[in-house]
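Okay, model.pdb now, which holds PDB, C-alpha atoms and all ligand atoms:
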```pdb
ATOM      1  CA  MET H  53      16.705  14.198 -13.416
ATOM      2  CA  THR H  54      15.644  16.080 -16.548
ATOM      3  CA  ARG H  55      12.213  14.464 -16.205
ATOM      4  CA  LEU H  56      11.956  15.813 -12.681
ATOM      5  CA  LEU H  57      12.948  19.297 -13.847
ATOM      6  CA  MET H  58      10.294  19.186 -16.567
ATOM      7  CA  LEU H  59       7.810  18.166 -13.915
ATOM      8  CA  LEU H  60       8.795  21.102 -11.757
ATOM      9  CA  ALA H  61       8.471  23.490 -14.678
ATOM     10  CA  LEU H  62       4.980  22.193 -15.438
ATOM     11  CA  LEU H  63       3.808  22.305 -11.893
ATOM     12  CA  VAL H  64       4.557  25.860 -10.878
ATOM     13  CA  VAL H  65       1.558  26.972 -12.951
ATOM     14  CA  ILE H  66      -0.916  24.628 -11.267
ATOM     15  CA  PRO H  67      -2.866  26.391  -8.509
ATOM     16  CA  ALA H  68      -2.938  25.138  -4.944
ATOM     17  CA  ARG H  69      -5.696  22.679  -4.037
ATOM     18  CA  ALA H  70      -6.727  20.295  -1.289
ATOM     19  CA  GLN H  71      -4.496  17.322  -0.597
ATOM     20  CA  THR H  72      -5.892  14.250  -2.302
ATOM     21  CA  LEU H  73      -5.647  10.658  -1.239
ATOM     22  CA  SER H  74      -6.710   7.257  -2.529
ATOM     23  CA  LEU H  75      -6.989   3.933  -0.725
ATOM     24  CA  THR H  76      -5.399   0.670  -1.856
ATOM     25  CA  PHE H  77      -5.801  -2.600   0.031
ATOM     26  CA  ASP H  78      -3.222  -5.361  -0.391
ATOM     27  CA  ASP H  79      -3.324  -9.130  -0.018
ATOM     28  CA  GLY H  80      -6.967 -10.239   0.367
ATOM     29  CA  LEU H  81      -8.364 -12.643   2.954
ATOM     30  CA  ASP H  82      -9.074 -16.368   3.056
ATOM     31  CA  PRO H  83     -12.193 -17.542   4.939
ATOM     32  CA  ASP H  84     -11.016 -21.136   4.450
ATOM     33  CA  THR H  85      -8.180 -20.514   6.922
ATOM     34  CA  GLN H  86      -9.711 -17.590   8.860
ATOM     35  CA  PRO H  87     -13.470 -18.052   9.323
ATOM     36  CA  ALA H  88     -14.152 -14.425  10.367
ATOM     37  CA  ALA H  89     -12.514 -13.082   7.210
ATOM     38  CA  ALA H  90     -15.707 -12.973   5.132
ATOM     39  CA  GLY H  91     -17.235 -10.687   7.758
ATOM     40  CA  TRP H  92     -14.243  -8.314   7.734
ATOM     41  CA  ASN H  93     -14.338  -8.213   3.951
ATOM     42  CA  ALA H  94     -18.067  -7.418   3.978
ATOM     43  CA  GLN H  95     -17.467  -4.706   6.584
ATOM     44  CA  LEU H  96     -14.752  -3.080   4.449
ATOM     45  CA  LEU H  97     -16.988  -3.099   1.376
ATOM     46  CA  ALA H  98     -20.000  -1.756   3.300
ATOM     47  CA  HIS H  99     -17.934   1.119   4.727
ATOM     48  CA  LEU H 100     -16.508   2.014   1.321
ATOM     49  CA  GLU H 101     -19.996   2.050  -0.173
ATOM     50  CA  GLN H 102     -21.350   4.160   2.659
ATOM     51  CA  LEU H 103     -18.410   6.579   2.367
ATOM     52  CA  GLN H 104     -18.749   6.590  -1.441
ATOM     53  CA  ILE H 105     -15.060   5.813  -1.888
ATOM     54  CA  HIS H 106     -13.701   3.835  -4.835
ATOM     55  CA  ALA H 107     -10.689   1.794  -3.766
ATOM     56  CA  MET H 108      -8.351  -0.753  -5.323
ATOM     57  CA  VAL H 109      -7.496  -4.200  -4.038
ATOM     58  CA  PHE H 110      -4.290  -6.114  -4.829
ATOM     59  CA  PRO H 111      -4.880  -9.794  -4.002
ATOM     60  CA  SER H 112      -2.204 -12.471  -3.850
ATOM     61  CA  LEU H 113      -3.128 -16.143  -4.164
ATOM     62  CA  ALA H 114      -0.857 -16.867  -1.215
ATOM     63  CA  ARG H 115      -3.272 -14.783   0.901
ATOM     64  CA  THR H 116      -6.675 -15.480  -0.681
ATOM     65  CA  GLY H 117      -6.287 -19.119  -1.664
ATOM     66  CA  THR H 118      -8.118 -20.335  -4.741
ATOM     67  CA  GLY H 119     -11.531 -20.901  -3.118
ATOM     68  CA  SER H 120     -13.736 -18.587  -1.061
ATOM     69  CA  GLY H 121     -10.961 -15.993  -0.702
ATOM     70  CA  THR H 122     -11.012 -15.528  -4.456
ATOM     71  CA  ALA H 123     -14.794 -15.096  -4.269
ATOM     72  CA  LEU H 124     -14.265 -12.242  -1.780
ATOM     73  CA  ILE H 125     -12.058 -10.463  -4.332
ATOM     74  CA  ALA H 126     -14.828 -10.895  -6.912
ATOM     75  CA  GLN H 127     -17.065  -8.975  -4.474
ATOM     76  CA  TRP H 128     -14.671  -5.993  -4.620
ATOM     77  CA  SER H 129     -14.809  -6.072  -8.388
ATOM     78  CA  ALA H 130     -18.614  -6.360  -8.379
ATOM     79  CA  ALA H 131     -18.826  -3.355  -6.031
ATOM     80  CA  GLY H 132     -16.960  -1.242  -8.603
ATOM     81  CA  HIS H 133     -13.481  -1.323  -7.073
ATOM     82  CA  ALA H 134     -10.399  -1.896  -9.195
ATOM     83  CA  VAL H 135      -8.377  -5.089  -8.826
ATOM     84  CA  GLY H 136      -4.650  -5.357  -9.502
ATOM     85  CA  ASN H 137      -1.848  -7.915  -9.521
ATOM     86  CA  HIS H 138       0.103  -8.724  -6.321
ATOM     87  CA  THR H 139       1.657 -11.981  -7.657
ATOM     88  CA  SER H 140       0.605 -15.533  -6.814
ATOM     89  CA  GLU H 141       3.217 -16.328  -4.151
ATOM     90  CA  HIS H 142       3.774 -12.941  -2.507
ATOM     91  CA  ARG H 143       7.564 -13.229  -2.680
ATOM     92  CA  SER H 144       9.923 -10.318  -2.265
ATOM     93  CA  LEU H 145      11.851  -9.479  -5.436
ATOM     94  CA  ALA H 146      14.585  -8.156  -3.124
ATOM     95  CA  ALA H 147      15.243 -11.677  -1.801
ATOM     96  CA  SER H 148      18.249 -13.302  -3.443
ATOM     97  CA  SER H 149      16.217 -16.531  -3.535
ATOM     98  CA  THR H 150      13.630 -14.905  -5.856
ATOM     99  CA  SER H 151      14.801 -14.958  -9.470
ATOM    100  CA  LEU H 152      13.416 -12.627 -12.101
ATOM    101  CA  ALA H 153      12.054 -15.571 -14.118
ATOM    102  CA  THR H 154      10.247 -17.041 -11.087
ATOM    103  CA  PHE H 155       8.809 -13.671 -10.143
ATOM    104  CA  ILE H 156       7.494 -13.062 -13.677
ATOM    105  CA  GLU H 157       5.914 -16.515 -13.683
ATOM    106  CA  GLN H 158       4.129 -15.629 -10.437
ATOM    107  CA  VAL H 159       2.842 -12.354 -11.868
ATOM    108  CA  GLU H 160       1.476 -14.336 -14.826
ATOM    109  CA  GLN H 161      -0.134 -16.890 -12.487
ATOM    110  CA  ALA H 162      -1.992 -14.118 -10.663
ATOM    111  CA  GLN H 163      -3.041 -12.639 -14.010
ATOM    112  CA  ARG H 164      -4.488 -16.020 -15.048
ATOM    113  CA  HIS H 165      -6.300 -16.418 -11.722
ATOM    114  CA  TYR H 166      -7.918 -12.986 -11.246
ATOM    115  CA  GLY H 167      -7.599 -11.499 -14.744
ATOM    116  CA  HIS H 168     -11.204 -12.315 -15.722
ATOM    117  CA  LEU H 169     -12.653  -9.994 -13.052
ATOM    118  CA  PRO H 170     -14.393  -6.922 -14.549
ATOM    119  CA  GLY H 171     -12.401  -4.528 -12.334
ATOM    120  CA  TRP H 172      -9.066  -6.077 -13.324
ATOM    121  CA  GLN H 173      -6.213  -3.716 -14.196
ATOM    122  CA  ARG H 174      -2.850  -4.680 -15.635
ATOM    123  CA  MET H 175      -1.103  -3.022 -12.722
ATOM    124  CA  LEU H 176       1.448  -4.634 -10.414
ATOM    125  CA  ARG H 177       1.855  -3.921  -6.715
ATOM    126  CA  PHE H 178       5.201  -5.434  -5.721
ATOM    127  CA  PRO H 179       4.959  -7.538  -2.518
ATOM    128  CA  TYR H 180       6.558  -5.632   0.406
ATOM    129  CA  LEU H 181       7.033  -2.781  -2.121
ATOM    130  CA  LYS H 182      10.339  -4.446  -3.067
ATOM    131  CA  GLU H 183      11.246  -3.937  -6.721
ATOM    132  CA  GLY H 184      14.523  -5.835  -6.843
ATOM    133  CA  ASN H 185      17.882  -6.081  -5.094
ATOM    134  CA  THR H 186      19.892  -6.051  -8.325
ATOM    135  CA  ALA H 187      19.822  -3.871 -11.431
ATOM    136  CA  ASP H 188      19.121  -6.970 -13.540
ATOM    137  CA  LYS H 189      15.956  -7.816 -11.601
ATOM    138  CA  ARG H 190      14.775  -4.223 -11.263
ATOM    139  CA  ASP H 191      15.334  -3.361 -14.931
ATOM    140  CA  GLY H 192      14.196  -6.796 -16.111
ATOM    141  CA  MET H 193      10.877  -6.237 -14.365
ATOM    142  CA  ARG H 194      10.563  -2.698 -15.734
ATOM    143  CA  SER H 195      11.073  -4.064 -19.258
ATOM    144  CA  TRP H 196       8.610  -6.888 -18.683
ATOM    145  CA  LEU H 197       5.931  -4.463 -17.501
ATOM    146  CA  GLU H 198       6.446  -2.259 -20.535
ATOM    147  CA  GLU H 199       6.436  -5.159 -22.999
ATOM    148  CA  ASN H 200       3.312  -6.665 -21.469
ATOM    149  CA  ASP H 201       1.263  -3.481 -21.353
ATOM    150  CA  TYR H 202       1.504  -3.488 -17.568
ATOM    151  CA  ARG H 203       2.123  -0.638 -15.140
ATOM    152  CA  ALA H 204       3.721  -0.618 -11.724
ATOM    153  CA  ALA H 205       1.326   0.474  -8.968
ATOM    154  CA  PRO H 206       3.535   2.066  -6.310
ATOM    155  CA  VAL H 207       2.282   3.861  -3.220
ATOM    156  CA  SER H 208       3.203   7.371  -2.180
ATOM    157  CA  ILE H 209       2.281   6.858   1.488
ATOM    158  CA  ASP H 210       3.691   3.753   3.144
ATOM    159  CA  ALA H 211       2.685   2.749   6.686
ATOM    160  CA  SER H 212       2.632  -0.178   9.119
ATOM    161  CA  ASP H 213      -1.061  -1.011   9.383
ATOM    162  CA  TRP H 214      -0.151  -4.723   9.486
ATOM    163  CA  TYR H 215       1.692  -4.221  12.793
ATOM    164  CA  TYR H 216      -1.129  -2.238  14.408
ATOM    165  CA  ASN H 217      -3.506  -4.966  13.213
ATOM    166  CA  LEU H 218      -1.351  -7.614  14.903
ATOM    167  CA  LEU H 219      -1.559  -5.754  18.235
ATOM    168  CA  TYR H 220      -5.263  -5.046  17.727
ATOM    169  CA  LEU H 221      -6.029  -8.733  17.184
ATOM    170  CA  SER H 222      -3.961  -9.675  20.254
ATOM    171  CA  TRP H 223      -5.888  -7.300  22.535
ATOM    172  CA  LEU H 224      -9.224  -8.494  21.188
ATOM    173  CA  GLU H 225      -8.118 -12.071  21.735
ATOM    174  CA  ASN H 226      -7.151 -11.129  25.312
ATOM    175  CA  GLY H 227     -10.661  -9.702  25.747
ATOM    176  CA  ASP H 228      -9.313  -6.179  26.328
ATOM    177  CA  SER H 229     -11.492  -3.972  24.156
ATOM    178  CA  GLY H 230     -10.179  -0.878  25.963
ATOM    179  CA  LYS H 231      -6.624  -1.508  24.764
ATOM    180  CA  ALA H 232      -7.938  -2.472  21.324
ATOM    181  CA  GLY H 233      -9.696   0.901  21.159
ATOM    182  CA  GLN H 234      -6.467   2.663  22.130
ATOM    183  CA  ILE H 235      -4.652   0.814  19.352
ATOM    184  CA  GLN H 236      -7.275   2.080  16.897
ATOM    185  CA  GLN H 237      -6.637   5.657  17.996
ATOM    186  CA  ALA H 238      -2.850   5.228  17.839
ATOM    187  CA  TYR H 239      -3.230   3.638  14.409
ATOM    188  CA  ILE H 240      -5.181   6.558  12.973
ATOM    189  CA  GLN H 241      -2.587   8.950  14.375
ATOM    190  CA  HIS H 242       0.154   6.820  12.799
ATOM    191  CA  LEU H 243      -1.503   7.077   9.373
ATOM    192  CA  LEU H 244      -1.958  10.843   9.703
ATOM    193  CA  ASP H 245       1.715  11.159  10.718
ATOM    194  CA  ARG H 246       2.963   9.066   7.799
ATOM    195  CA  ALA H 247       0.715  10.949   5.359
ATOM    196  CA  ALA H 248       2.078  14.273   6.630
ATOM    197  CA  TYR H 249       5.651  12.965   6.318
ATOM    198  CA  TYR H 250       5.296  11.737   2.713
ATOM    199  CA  GLU H 251       3.333  14.846   1.769
ATOM    200  CA  GLN H 252       6.137  17.162   2.933
ATOM    201  CA  LEU H 253       8.742  14.951   1.252
ATOM    202  CA  ALA H 254       6.747  15.043  -1.998
ATOM    203  CA  ARG H 255       6.398  18.821  -1.827
ATOM    204  CA  GLN H 256      10.126  19.123  -1.251
ATOM    205  CA  LEU H 257      10.893  16.923  -4.279
ATOM    206  CA  LEU H 258       8.132  17.916  -6.694
ATOM    207  CA  GLY H 259       7.240  21.389  -5.539
ATOM    208  CA  ARG H 260       3.601  20.362  -5.305
ATOM    209  CA  SER H 261       1.216  17.995  -3.580
ATOM    210  CA  PRO H 262       0.684  14.844  -5.701
ATOM    211  CA  ASP H 263      -2.444  12.685  -5.805
ATOM    212  CA  HIS H 264      -1.509  10.269  -3.047
ATOM    213  CA  VAL H 265      -1.867   6.490  -2.903
ATOM    214  CA  LEU H 266      -2.002   4.992   0.595
ATOM    215  CA  LEU H 267      -0.960   1.419   1.359
ATOM    216  CA  LEU H 268      -3.422  -0.490   3.544
ATOM    217  CA  HIS H 269      -4.221  -4.187   3.931
ATOM    218  CA  THR H 270      -7.453  -6.140   3.998
ATOM    219  CA  ASN H 271      -7.513  -6.775   7.742
ATOM    220  CA  ARG H 272      -9.790  -6.543  10.747
ATOM    221  CA  LEU H 273      -8.325  -3.279  12.022
ATOM    222  CA  ASN H 274      -9.166  -1.503   8.770
ATOM    223  CA  ALA H 275     -12.580  -3.183   8.675
ATOM    224  CA  ASP H 276     -13.311  -1.743  12.131
ATOM    225  CA  ALA H 277     -11.551   1.629  11.848
ATOM    226  CA  LEU H 278     -12.268   2.734   8.270
ATOM    227  CA  PRO H 279     -15.029   5.296   8.980
ATOM    228  CA  GLN H 280     -12.954   6.972  11.732
ATOM    229  CA  LEU H 281      -9.873   6.827   9.561
ATOM    230  CA  VAL H 282     -11.629   8.542   6.666
ATOM    231  CA  SER H 283     -13.176  11.210   8.840
ATOM    232  CA  ALA H 284      -9.823  11.901  10.553
ATOM    233  CA  PHE H 285      -8.198  12.470   7.152
ATOM    234  CA  GLN H 286     -11.066  14.666   5.985
ATOM    235  CA  GLY H 287     -10.706  16.664   9.197
ATOM    236  CA  HIS H 288      -7.065  17.281   8.282
ATOM    237  CA  GLY H 289      -7.940  18.643   4.833
ATOM    238  CA  TRP H 290      -7.643  15.479   2.762
ATOM    239  CA  ARG H 291     -10.075  14.706  -0.047
ATOM    240  CA  PHE H 292     -10.600  11.158  -1.328
ATOM    241  CA  ILE H 293     -10.294  10.187  -4.982
ATOM    242  CA  SER H 294     -10.115   6.792  -6.702
ATOM    243  CA  PRO H 295      -6.742   5.042  -7.029
ATOM    244  CA  LEU H 296      -7.103   4.877 -10.830
ATOM    245  CA  GLN H 297      -7.430   8.655 -10.856
ATOM    246  CA  ALA H 298      -4.446   9.040  -8.514
ATOM    247  CA  PHE H 299      -2.300   6.702 -10.637
ATOM    248  CA  ASP H 300      -2.687   9.155 -13.531
ATOM    249  CA  ASP H 301      -0.312  11.420 -11.628
ATOM    250  CA  VAL H 302       3.068  11.370 -13.426
ATOM    251  CA  LEU H 303       4.662  10.681 -10.037
ATOM    252  CA  TYR H 304       3.754   6.997 -10.467
ATOM    253  CA  ARG H 305       5.590   6.750 -13.818
ATOM    254  CA  GLN H 306       8.934   7.657 -12.276
ATOM    255  CA  GLN H 307      11.653   5.006 -12.232
ATOM    256  CA  PRO H 308      14.169   6.084  -9.584
ATOM    257  CA  ASP H 309      17.667   4.696  -9.989
ATOM    258  CA  ILE H 310      18.223   3.112  -6.568
ATOM    259  CA  LEU H 311      19.098  -0.321  -5.211
ATOM    260  CA  PRO H 312      17.511  -2.084  -3.522
ATOM    261  CA  ALA H 313      14.622  -0.675  -5.580
ATOM    262  CA  GLY H 314      11.209   0.011  -4.114
ATOM    263  CA  GLU H 315       9.568   1.468  -0.968
ATOM    264  CA  SER H 316       7.216   4.424  -1.443
ATOM    265  CA  ILE H 317       7.790   6.118  -4.813
ATOM    266  CA  VAL H 318       8.261   9.391  -2.917
ATOM    267  CA  TRP H 319      10.871   7.796  -0.658
ATOM    268  CA  ALA H 320      12.620   6.234  -3.676
ATOM    269  CA  LEU H 321      12.829   9.600  -5.476
ATOM    270  CA  ALA H 322      14.229  11.149  -2.305
ATOM    271  CA  LYS H 323      16.775   8.329  -2.035
ATOM    272  CA  ALA H 324      17.802   8.787  -5.682
ATOM    273  CA  GLN H 325      18.574  12.413  -4.808
ATOM    274  CA  ASP H 326      20.491  11.423  -1.669
ATOM    275  CA  LEU H 327      18.247  13.440   0.606
ATOM    276  CA  PRO H 328      19.575  13.170   4.170
ATOM    277  CA  GLY H 329      17.657  11.519   7.016
ATOM    278  CA  LEU H 330      16.018   8.670   5.082
ATOM    279  CA  ARG H 331      15.626   5.449   7.062
ATOM    280  CA  TYR H 332      15.626   1.936   5.578
ATOM    281  CA  PRO H 333      13.308   0.178   5.475
ATOM    282  CA  ALA H 334      11.180   3.300   5.205
ATOM    283  CA  GLU H 335       8.452   1.820   7.428
ATOM    284  CA  ASP H 336       8.568  -1.024   9.896
ATOM    285  CA  ALA H 337       7.252  -2.274  13.230
ATOM    286  CA  ARG H 338      10.600  -1.395  14.832
ATOM    287  CA  TYR H 339       9.763   2.329  14.500
ATOM    288  CA  GLU H 340       6.296   1.937  16.037
ATOM    289  CA  GLN H 341       6.998  -0.485  18.842
ATOM    290  CA  PRO H 342       8.835   1.740  21.389
ATOM    291  CA  ALA H 343       6.108   4.400  21.674
ATOM    292  CA  LEU H 344       3.348   1.796  21.815
ATOM    293  CA  GLN H 345       5.305  -0.170  24.405
ATOM    294  CA  ALA H 346       5.684   2.969  26.521
ATOM    295  CA  GLN H 347       1.895   3.403  26.440
ATOM    296  CA  GLY H 348       1.398  -0.188  27.567
ATOM    297  CA  LEU H 349      -0.156  -1.103  24.223
ATOM    298  CA  VAL H 350       2.132  -3.993  23.272
ATOM    299  CA  PRO H 351       0.783  -7.227  24.768
ATOM    300  CA  ALA H 352       3.405  -9.379  26.487
ATOM    301  CA  LYS H 353       2.913 -12.252  24.075
ATOM    302  CA  SER H 354       2.988 -10.401  20.779
ATOM    303  CA  ALA H 355       6.562  -9.911  19.645
ATOM    304  CA  PRO H 356       6.861  -7.817  16.488
ATOM    305  CA  ARG H 357       7.602  -9.754  13.329
TER
HETATM  306 ZN    ZN H 401       1.188  -7.845   0.264
END
```

Kindly transcribe the structure held in the file into structure tokens.
Ligand SMILES: [Zn+2]
Amino acid sequence: MTRLLMLLALLVVIPARAQTLSLTFDDGLDPDTQPAAAGWNAQLLAHLEQLQIHAMVFPSLARTGTGSGTALIAQWSAAGHAVGNHTSEHRSLAASSTSLATFIEQVEQAQRHYGHLPGWQRMLRFPYLKEGNTADKRDGMRSWLEENDYRAAPVSIDASDWYYNLLYLSWLENGDSGKAGQIQQAYIQHLLDRAAYYEQLARQLLGRSPDHVLLLHTNRLNADALPQLVSAFQGHGWRFISPLQAFDDVLYRQQPDILPAGESIVWALAKAQDLPGLRYPAEDARYEQPALQAQGLVPAKSAPR
């Protein structure tokens, strides 16, 4: 609490500026199990280069595999993007079946696997943004990070791109490019909505607009929609910066005292202050599905996860 007050005191003197945003991409792709994945990865990297945006990727071995999927992550590093830790097995630390010791071992496995890449950062993105269901796990992980010269890499803006991607892939598979295009539009609107939500929540809590970090995934929808996505954000007054620059914001050093721990760091700070109207989980397909269903954009066969 005192930390937050100090923050507030510091920030009243900082002049207003454009809202800033950085892009992080979780998971990675595996061409060994998904042959088109190399193309999507190349598309993402080409768009980022064209748009002159530095991003950060958080691969998990469970998603990339140890073969050609790992080589795709090396391409991100070679293109000047940062690479962070997303564990080897992509397990949720909020699951009672995931022990602290197992989780730490899986962070170390990922470090051993990707740690040689030039863009590597000792920064951990918790799978599913879950930072522990007990105080022992949450605080044990916070201590481990500190002792191992690691930092947590939370997001400020959480969203459900994975769900829109699921629908997008279904429509493309059904040969309905019209519906797929509508999903793209709905998806961009969804991201703008979530960004506006977390921005107002952050302003309410911090009294200022932080340097935002957006959660995305390495998927086909983002590979196809990235240029439109970026131009939509720019049209709404957002300016893009690199994630490493955004992570310098003191917002990302906060350690809210909540359980289960995690979600967006902005949401977690709001929860720690008992702000009314917070939903849990903060983002999920269940919130997106009804409106998309009403627009006829949920294919009969694709039930949300
Ligand atoms: Zn993930």

Expanded to explicit residues, what is the PyMOL selection byres (((chain H and resi 82) around 8) and not hetatm) for this file, as a list in words?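 Against this file, the PyMOL selection byres (((chain H and resi 82) around 8) and not hetatm) returns the residues Gly80, Leu81, Pro83, Asp84, Thr85, Gln86, Pro87, Ala89, Ala90, Arg115, Thr116, Gly117, Ser120, Gly121 and Thr122 of chain H.
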
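Separating CA of Ala337 (chain H) from CA of Phe178 (chain H) is a distance of 19.3 Å.
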
Within 6 Å of ligand ZN 401 (chain H), counting all atoms listed in the file, residues as a PyMOL selection string: chain H and resi 78-79+179-180

For CA of Ala98 (chain H) and CA of Gln236 (chain H), determine how far apart the two atoms are, in Å to one decimal place. 19.0 Å

Using all atoms listed in the file, which of H:Leu219, H:Tyr304, H:Asn271, H:Phe285 sits nearest Gln345 (chain H)?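 Residue with the minimum atom-to-atom distance to Gln345 (chain H): H:Leu219.
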
Selection near region 245-259 of chain H, 7 Å with all atoms listed in the file, sequence-local residues under 5 positions removed, as a ChimeraX atom specification: /H:60,208-209,211,318,322

Suppose we keep C-alpha atoms; can you now write the selection as a PDB file, keeping the file's coordinate frame?
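See result22.pdb below for the written result:
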```pdb
ATOM      1  CA  LEU H  60       8.795  21.102 -11.757  1.00  0.00           C
ATOM      2  CA  SER H 208       3.203   7.371  -2.180  1.00  0.00           C
ATOM      3  CA  ILE H 209       2.281   6.858   1.488  1.00  0.00           C
ATOM      4  CA  ALA H 211       2.685   2.749   6.686  1.00  0.00           C
ATOM      5  CA  VAL H 318       8.261   9.391  -2.917  1.00  0.00           C
ATOM      6  CA  ALA H 322      14.229  11.149  -2.305  1.00  0.00           C
TER       7      ALA H 322
END
```

Selection result of the PyMOL selection byres (((chain H and resi 156-162) around 8) and not hetatm) on this file, as an mmCIF file with C-alpha atoms, in the coordinates of the input:
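Listing of part_10.cif after writing:
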```cif
data_model
loop_
_atom_site.group_PDB
_atom_site.id
_atom_site.type_symbol
_atom_site.label_atom_id
_atom_site.label_comp_id
_atom_site.auth_asym_id
_atom_site.auth_seq_id
_atom_site.Cartn_x
_atom_site.Cartn_y
_atom_site.Cartn_z
ATOM 1 C CA SER H 112 -2.204 -12.471 -3.850
ATOM 2 C CA LEU H 113 -3.128 -16.143 -4.164
ATOM 3 C CA ASN H 137 -1.848 -7.915 -9.521
ATOM 4 C CA HIS H 138 0.103 -8.724 -6.321
ATOM 5 C CA THR H 139 1.657 -11.981 -7.657
ATOM 6 C CA SER H 140 0.605 -15.533 -6.814
ATOM 7 C CA GLU H 141 3.217 -16.328 -4.151
ATOM 8 C CA LEU H 152 13.416 -12.627 -12.101
ATOM 9 C CA ALA H 153 12.054 -15.571 -14.118
ATOM 10 C CA THR H 154 10.247 -17.041 -11.087
ATOM 11 C CA PHE H 155 8.809 -13.671 -10.143
ATOM 12 C CA GLN H 163 -3.041 -12.639 -14.010
ATOM 13 C CA ARG H 164 -4.488 -16.020 -15.048
ATOM 14 C CA HIS H 165 -6.300 -16.418 -11.722
ATOM 15 C CA TYR H 166 -7.918 -12.986 -11.246
ATOM 16 C CA GLY H 167 -7.599 -11.499 -14.744
ATOM 17 C CA LEU H 176 1.448 -4.634 -10.414
ATOM 18 C CA MET H 193 10.877 -6.237 -14.365
#
```

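Our summary of the geometry notes that CA of Lys231 (chain H) is positioned 14.4 Å from CA of Ala343 (chain H).
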
Could you check which residues have any atom within 10 Å of (13.7, -0.5, -6.8), counting all atoms listed in the file with coordinates taken straight from the file, and then list them as an MDAnalysis selection string? chainID H and resid 145:146 178 181:187 189:191 193:194 307:317 320
